[in-house]
Structures are given as C-alpha cells and as structure tokens.
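Engineer: Pasting a structure below so you can have a look.
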Amino acid sequence: MAGTAQAHLVDAHCHGVYPGELGLGSFEARLPGTAAPGTTLFDSPTGFALRRWCPPLLGLEPHCPPARYLARRRELGAYESARLLLRGTGVTAYVLDTGEPGDLTSPKDLAATTGAPVLETVRLEPLAQQVADTSGTVGSFLANLAEAVHGAALGAAGFSCGDGAAGRAGAEESGEDARPPGPVEVRQAAAAWLSARAVGARPADPVLLRHIRWHAVATGLPLLLRYGAGGGGPRAALGFLRATTGLGTEVVLLPDAPHEAAAADLATELPHVYVGVGRNPSGVLGRTPFGKVLYASGVGGLPELAVTAARGFLSELGRAVAERVRAGEWSAADGRRVTSLVTADNARRLFTLPRGGAA
C-alpha cells in the first residue's frame, strides 16, 4: 500500500545489540531457531530475510552469500555495521528493555548508534535480584525494593515483567490473585526466596512478583507484561488487569504468537490495555481497536534482527491494509490512518514521545 513503505516505526519493546565482532559460527548461533544437523540457519525465514534486506545496507547486493556478507561486516567493523543497519530499519525511536542478560548496548550507546531517541523500560525481576544481593534482611530487602522501584521510575519510561507474575493458572481470572498481596504473605514469600536463592538469582515466586508489579503500578508508568509460549497466557492476568482499570497505569501485553488472540481480546475489553506485535499484525487488527496496537519487535543481540523484524512487520501490515482497501472495506485514507497509528502514533502517545520521535 502506498505510504506504508515510508512509514516510520516506534519500537515499543526491544533489547540492545551485541557490540563485538562475530565469526560465522558465533553469528549464526545468535539467529533464532535450531538448524538440523548438516544444515544452516541461513536457510530459514529469518536467514532469507536477513540476506534480502541487510546486505544493501552494507553496500552489497541482496541475497549475497553469508560468507561474503560477514566478511563485509568485519571489514566495516561491528560499530559501523550496527550503525548502518539500525539506521536503515525505519525505526525513529526505541523503547529499550534493559533486563536481557548479556553484554548488550545500553540506552545511551543505542541512541548514539541509531541517532534516534531511546527510552528505557526497567525489568522488575533483575531489579529485585540486584536489591536482594545488597540487602541483609527481609525487612531491608522489602524497604530497599520499594525505594528501588520508585527511584527507577524517575528516569524510566516504564517497567516490564514476565508472565511468572501472573499467578496460578485461573487464579487471577477468578479474582483470587488480582489485588496486591498482604504484608504477611509478602514477608513469608520474601523470606523463603531469600533463604533459598543463590546470589544473582531472580525471583520466581508469584506472590513476590505480584508485590513488585503493584509497586510498578503505583508509579503510574506504563507496565509491559511479557508472555512466552508456555505459562497461563494473558488471560491468567485478567483479574489484575481489571483491578488496575482507572488507576492511571497503561498496560502493554507482549504475547508470543500462541497468545496473540487472547491479548487482542483483553485489549479490546479493557480501556487501559494495549497489545504489542512484532510479526504479522493482521490477526490482531482483525479483533482490536486500532488505537490499541503497537509495533514491539522484542528483538535484540544482532542488529540484523531489528532490520528483518521491521521490514517484515511493515510488509505484513502493508499487505493487510491493502487487502482491506482493495475490498472496499476501508478507504485509502482509512488505511493511511491505521498504518500511522500502529507504526508510531500509538507508541508516541503511550510513552509521551513527540511526533517525529525527537527526545
């Protein structure tokens, strides 16, 4: 569709990139998926997308052999390659989740590389782990944890938390785990975790995670909830989502593909709930108000993954919009409006980014 190819993206959920040089084996190990013995991950949807879109950004022809591409990458150097790749994504602002383990770029470094504003969402689990590593007692841990969350809110755009905070399957949907846990319950959960944990371990107890999550809600910043292929899925958080209605905190659900339909339905049902999509948005757009859908790639590590995610998303979005326009279901102006909302405007509104992405 005309206009979609030129759309500028705001990536509402991503991670930093690996700053070092990579050989063929270490590069391929950072591609998603697992290759069959004797085959390569360059022969995969991601590998083909990478070979189509990334070589031209480094001055090579599309579909060039992987060895040639990586040789060019080494010739330019890791920083210059990342700079060229990330500035070719069409992403004009990033919301960076800094909780991913590994030696990935910080918000400041990513901003310098991309030339775009980078906002930070603080992941709650590693924040609690850091507090636990420096707290001697249960009382000091809980006090320091509250201080750490509210201190982080002063410089953050939001918080993120995994689906382990959703509680037991069915419990939150029934309302049993919707509200903040009581102080006795929290102290018991914190004491059990602190006594059993190894240094550097992150909390996994649902009670403790719910307690941390409600601290984040109290800041009023957006809260991003991540849902992997396992677990109870977004419906397990229904009670929590209903309990937070009207409190001023917007919630962005970040579902894996199996949970996208459930997340889309929750975004439709509840006024403060949004859904982030990093792949094909057509299914979500078929069941969710368009002002509730965000581009959220979730990628990190290789800058090439940011390129392929952005190009793939824009292609699928353009295809879905063009189909509706051709069928006469939407006007061309409607298509441009939906494209603008999903690619950038919704994220700008949610994270208070001005138009154009300027910091």
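Labels used: A, B, ... for chains in the order of the structure tokens, numbers from 1 for residues in each chain, and numbers from 1 for ligands as shown.
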Got a sec: who's within 12 Å of Asp97 of chain A, counting only C-alpha atoms, leaving out chain neighbours fewer than 6 positions off, as a count of residues only?

Structural biologist: 37

Engineer: Write out as a PyMOL selection string all residues of segment 30-276 of chain A that backbone DSSP assigns to strand (DSSP E).

Structural biologist: chain A and resi 91-97+118-123+158-161+223-227+251-255+273-276

Engineer: Between A:Cys64, A:His8, A:Thr219, A:Val277, which residue has the minimum interatomic distance to Ala49 of chain A, considering only C-alpha atoms?

Structural biologist: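 Once distances to Ala49 of chain A are computed over only C-alpha atoms, the minimum belongs to A:Cys64.
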
Engineer: Which residues are close to Phe48 of chain A, i.e. within 12 Å by only C-alpha atoms, leaving aside same-chain residues fewer than 2 positions away? Reply as number ranges by chain.

Structural biologist: A: 31, 40-46, 50-55, 62-66, 304-305, 308, 312

Engineer: Can you write out the residues you just picked, keeping N, CA, C and O atoms, as an mmCIF file, in the first residue's frame?

Structural biologist:
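After the write, result26.cif holds the following:
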data_model
loop_
_atom_site.group_PDB
_atom_site.id
_atom_site.type_symbol
_atom_site.label_atom_id
_atom_site.label_comp_id
_atom_site.auth_asym_id
_atom_site.auth_seq_id
_atom_site.Cartn_x
_atom_site.Cartn_y
_atom_site.Cartn_z
ATOM 1 N N LEU A 31 21.166 -16.324 15.669
ATOM 2 C CA LEU A 31 19.930 -16.328 14.893
ATOM 3 C C LEU A 31 18.887 -17.189 15.612
ATOM 4 O O LEU A 31 19.238 -18.160 16.289
ATOM 5 N N THR A 40 22.008 -25.154 7.873
ATOM 6 C CA THR A 40 22.363 -23.855 8.419
ATOM 7 C C THR A 40 21.121 -23.011 8.664
ATOM 8 O O THR A 40 20.121 -23.140 7.938
ATOM 9 N N LEU A 41 21.196 -22.133 9.651
ATOM 10 C CA LEU A 41 20.085 -21.224 9.939
ATOM 11 C C LEU A 41 19.970 -20.105 8.908
ATOM 12 O O LEU A 41 18.985 -19.365 8.909
ATOM 13 N N PHE A 42 20.962 -19.981 8.038
ATOM 14 C CA PHE A 42 20.783 -19.044 6.928
ATOM 15 C C PHE A 42 19.723 -19.563 5.958
ATOM 16 O O PHE A 42 19.169 -18.786 5.176
ATOM 17 N N ASP A 43 19.454 -20.863 5.986
ATOM 18 C CA ASP A 43 18.349 -21.442 5.217
ATOM 19 C C ASP A 43 17.123 -21.533 6.119
ATOM 20 O O ASP A 43 16.690 -22.611 6.544
ATOM 21 N N SER A 44 16.594 -20.370 6.481
ATOM 22 C CA SER A 44 15.413 -20.258 7.335
ATOM 23 C C SER A 44 14.709 -18.963 6.958
ATOM 24 O O SER A 44 15.282 -18.126 6.243
ATOM 25 N N PRO A 45 13.468 -18.767 7.385
ATOM 26 C CA PRO A 45 12.804 -17.495 7.064
ATOM 27 C C PRO A 45 13.612 -16.282 7.504
ATOM 28 O O PRO A 45 13.745 -15.315 6.749
ATOM 29 N N THR A 46 14.179 -16.344 8.723
ATOM 30 C CA THR A 46 14.991 -15.218 9.185
ATOM 31 C C THR A 46 16.253 -15.082 8.357
ATOM 32 O O THR A 46 16.666 -13.970 8.002
ATOM 33 N N LEU A 50 17.220 -11.858 6.224
ATOM 34 C CA LEU A 50 18.482 -11.170 6.506
ATOM 35 C C LEU A 50 19.264 -10.956 5.209
ATOM 36 O O LEU A 50 19.774 -9.850 4.945
ATOM 37 N N ARG A 51 19.362 -12.001 4.386
ATOM 38 C CA ARG A 51 20.141 -11.897 3.157
ATOM 39 C C ARG A 51 19.470 -10.992 2.127
ATOM 40 O O ARG A 51 20.130 -10.448 1.247
ATOM 41 N N ARG A 52 18.157 -10.808 2.251
ATOM 42 C CA ARG A 52 17.468 -9.883 1.342
ATOM 43 C C ARG A 52 17.672 -8.432 1.752
ATOM 44 O O ARG A 52 17.980 -7.564 0.927
ATOM 45 N N TRP A 53 17.495 -8.116 3.036
ATOM 46 C CA TRP A 53 17.402 -6.722 3.450
ATOM 47 C C TRP A 53 18.698 -6.133 3.997
ATOM 48 O O TRP A 53 18.909 -4.915 3.901
ATOM 49 N N CYS A 54 19.567 -6.952 4.572
ATOM 50 C CA CYS A 54 20.741 -6.392 5.254
ATOM 51 C C CYS A 54 21.920 -6.099 4.328
ATOM 52 O O CYS A 54 22.583 -5.060 4.508
ATOM 53 N N PRO A 55 22.266 -6.950 3.367
ATOM 54 C CA PRO A 55 23.425 -6.644 2.526
ATOM 55 C C PRO A 55 23.379 -5.263 1.855
ATOM 56 O O PRO A 55 24.402 -4.562 1.850
ATOM 57 N N PRO A 62 21.636 -7.645 -2.751
ATOM 58 C CA PRO A 62 20.730 -8.524 -1.998
ATOM 59 C C PRO A 62 21.038 -9.994 -2.266
ATOM 60 O O PRO A 62 21.515 -10.355 -3.347
ATOM 61 N N HIS A 63 20.786 -10.827 -1.264
ATOM 62 C CA HIS A 63 20.909 -12.292 -1.370
ATOM 63 C C HIS A 63 22.353 -12.756 -1.550
ATOM 64 O O HIS A 63 22.579 -13.891 -1.985
ATOM 65 N N CYS A 64 23.321 -11.930 -1.193
ATOM 66 C CA CYS A 64 24.712 -12.366 -1.340
ATOM 67 C C CYS A 64 24.991 -13.520 -0.370
ATOM 68 O O CYS A 64 24.288 -13.696 0.624
ATOM 69 N N PRO A 65 26.007 -14.334 -0.612
ATOM 70 C CA PRO A 65 26.301 -15.464 0.267
ATOM 71 C C PRO A 65 26.622 -15.000 1.689
ATOM 72 O O PRO A 65 27.200 -13.920 1.892
ATOM 73 N N PRO A 66 26.274 -15.803 2.689
ATOM 74 C CA PRO A 66 26.555 -15.421 4.077
ATOM 75 C C PRO A 66 28.019 -15.098 4.322
ATOM 76 O O PRO A 66 28.328 -14.150 5.057
ATOM 77 N N GLU A 304 20.934 -7.091 12.796
ATOM 78 C CA GLU A 304 20.222 -7.619 11.624
ATOM 79 C C GLU A 304 18.792 -8.022 11.971
ATOM 80 O O GLU A 304 17.890 -7.911 11.129
ATOM 81 N N LEU A 305 18.576 -8.485 13.198
ATOM 82 C CA LEU A 305 17.224 -8.900 13.583
ATOM 83 C C LEU A 305 16.282 -7.712 13.682
ATOM 84 O O LEU A 305 15.077 -7.848 13.443
ATOM 85 N N THR A 308 15.280 -7.135 9.951
ATOM 86 C CA THR A 308 14.318 -8.100 9.410
ATOM 87 C C THR A 308 12.969 -7.992 10.095
ATOM 88 O O THR A 308 11.926 -8.149 9.448
ATOM 89 N N GLY A 312 9.782 -7.005 7.910
ATOM 90 C CA GLY A 312 8.715 -7.995 7.887
ATOM 91 C C GLY A 312 7.404 -7.431 8.398
ATOM 92 O O GLY A 312 6.329 -7.684 7.828
#

Engineer: Counting only C-alpha atoms, which residue out of A:Leu302, A:Ala327, A:Pro203, A:Val131 sits closest to Leu86 of chain A?

Structural biologist: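 Ranking A:Leu302, A:Ala327, A:Pro203, A:Val131 by distance to Leu86 of chain A, first place goes to A:Leu302.
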
Engineer: Write out as number ranges by chain each polymer residue whose atoms come within 12 Å of Trp214 of chain A, counting only C-alpha atoms; drop sequence neighbours fewer than 2 positions from it.

Structural biologist: A: 124, 145-146, 149-150, 159-161, 165-166, 177-182, 186, 207-212, 216-221, 223, 240-241, 243-244, 247, 249

Engineer: For Glu147 of chain A, list every protein, DNA or RNA residue within 12 Å, evaluated using only C-alpha atoms, and leave out those in the same chain fewer than 4 positions away; present the list as a VMD selection string.

Structural biologist: chain A and resid 127 to 128 131 140 to 143 151 to 154 212 215 to 216 219

Engineer: What does the distance from atom CA of Ala322 of chain A to atom CA of Pro303 of chain A come to in Å, to one decimal?

Structural biologist: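 Calculated distance between atom CA of Ala322 of chain A and atom CA of Pro303 of chain A is 28.8 Å.
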
Engineer: Using the chain letters and numbers from this document, which residues of segment 42-201 of chain A does DSSP assign to helix (DSSP H, G or I), as a VMD selection string?

Structural biologist: chain A and resid 45 to 57 66 to 76 78 to 86 107 to 114 124 to 133 138 to 152 163 to 166 183 to 196

Engineer: From the list A:Ala116, A:Leu314, A:Tyr18, A:Asp265, which residue is nearest Glu100 of chain A when using only C-alpha atoms?

Structural biologist: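 Among the listed residues, the smallest separation from Glu100 of chain A belongs to A:Tyr18.
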
Engineer: Which residue, A:Gln129, A:Thr134, A:Thr339, A:Thr114, has the smallest gap to Trp193 of chain A when you use only C-alpha atoms?

Structural biologist: A:Gln129

Engineer: Using only C-alpha atoms, find each residue of segment 254-303 of chain A with at least one atom at most 12 Å away from an atom of segment 331-337 of chain A; report its shortest atom-to-atom pair and that distance in Å (one decimal), sort the rows by chain and rising residue number, and return the result as JSON lines.

Structural biologist:
{"residue": "A:Leu285", "atom": "CA", "partner": "A:Gly335", "partner_atom": "CA", "distance": 11.8}
{"residue": "A:Phe290", "atom": "CA", "partner": "A:Arg337", "partner_atom": "CA", "distance": 9.3}
{"residue": "A:Gly291", "atom": "CA", "partner": "A:Arg337", "partner_atom": "CA", "distance": 10.1}
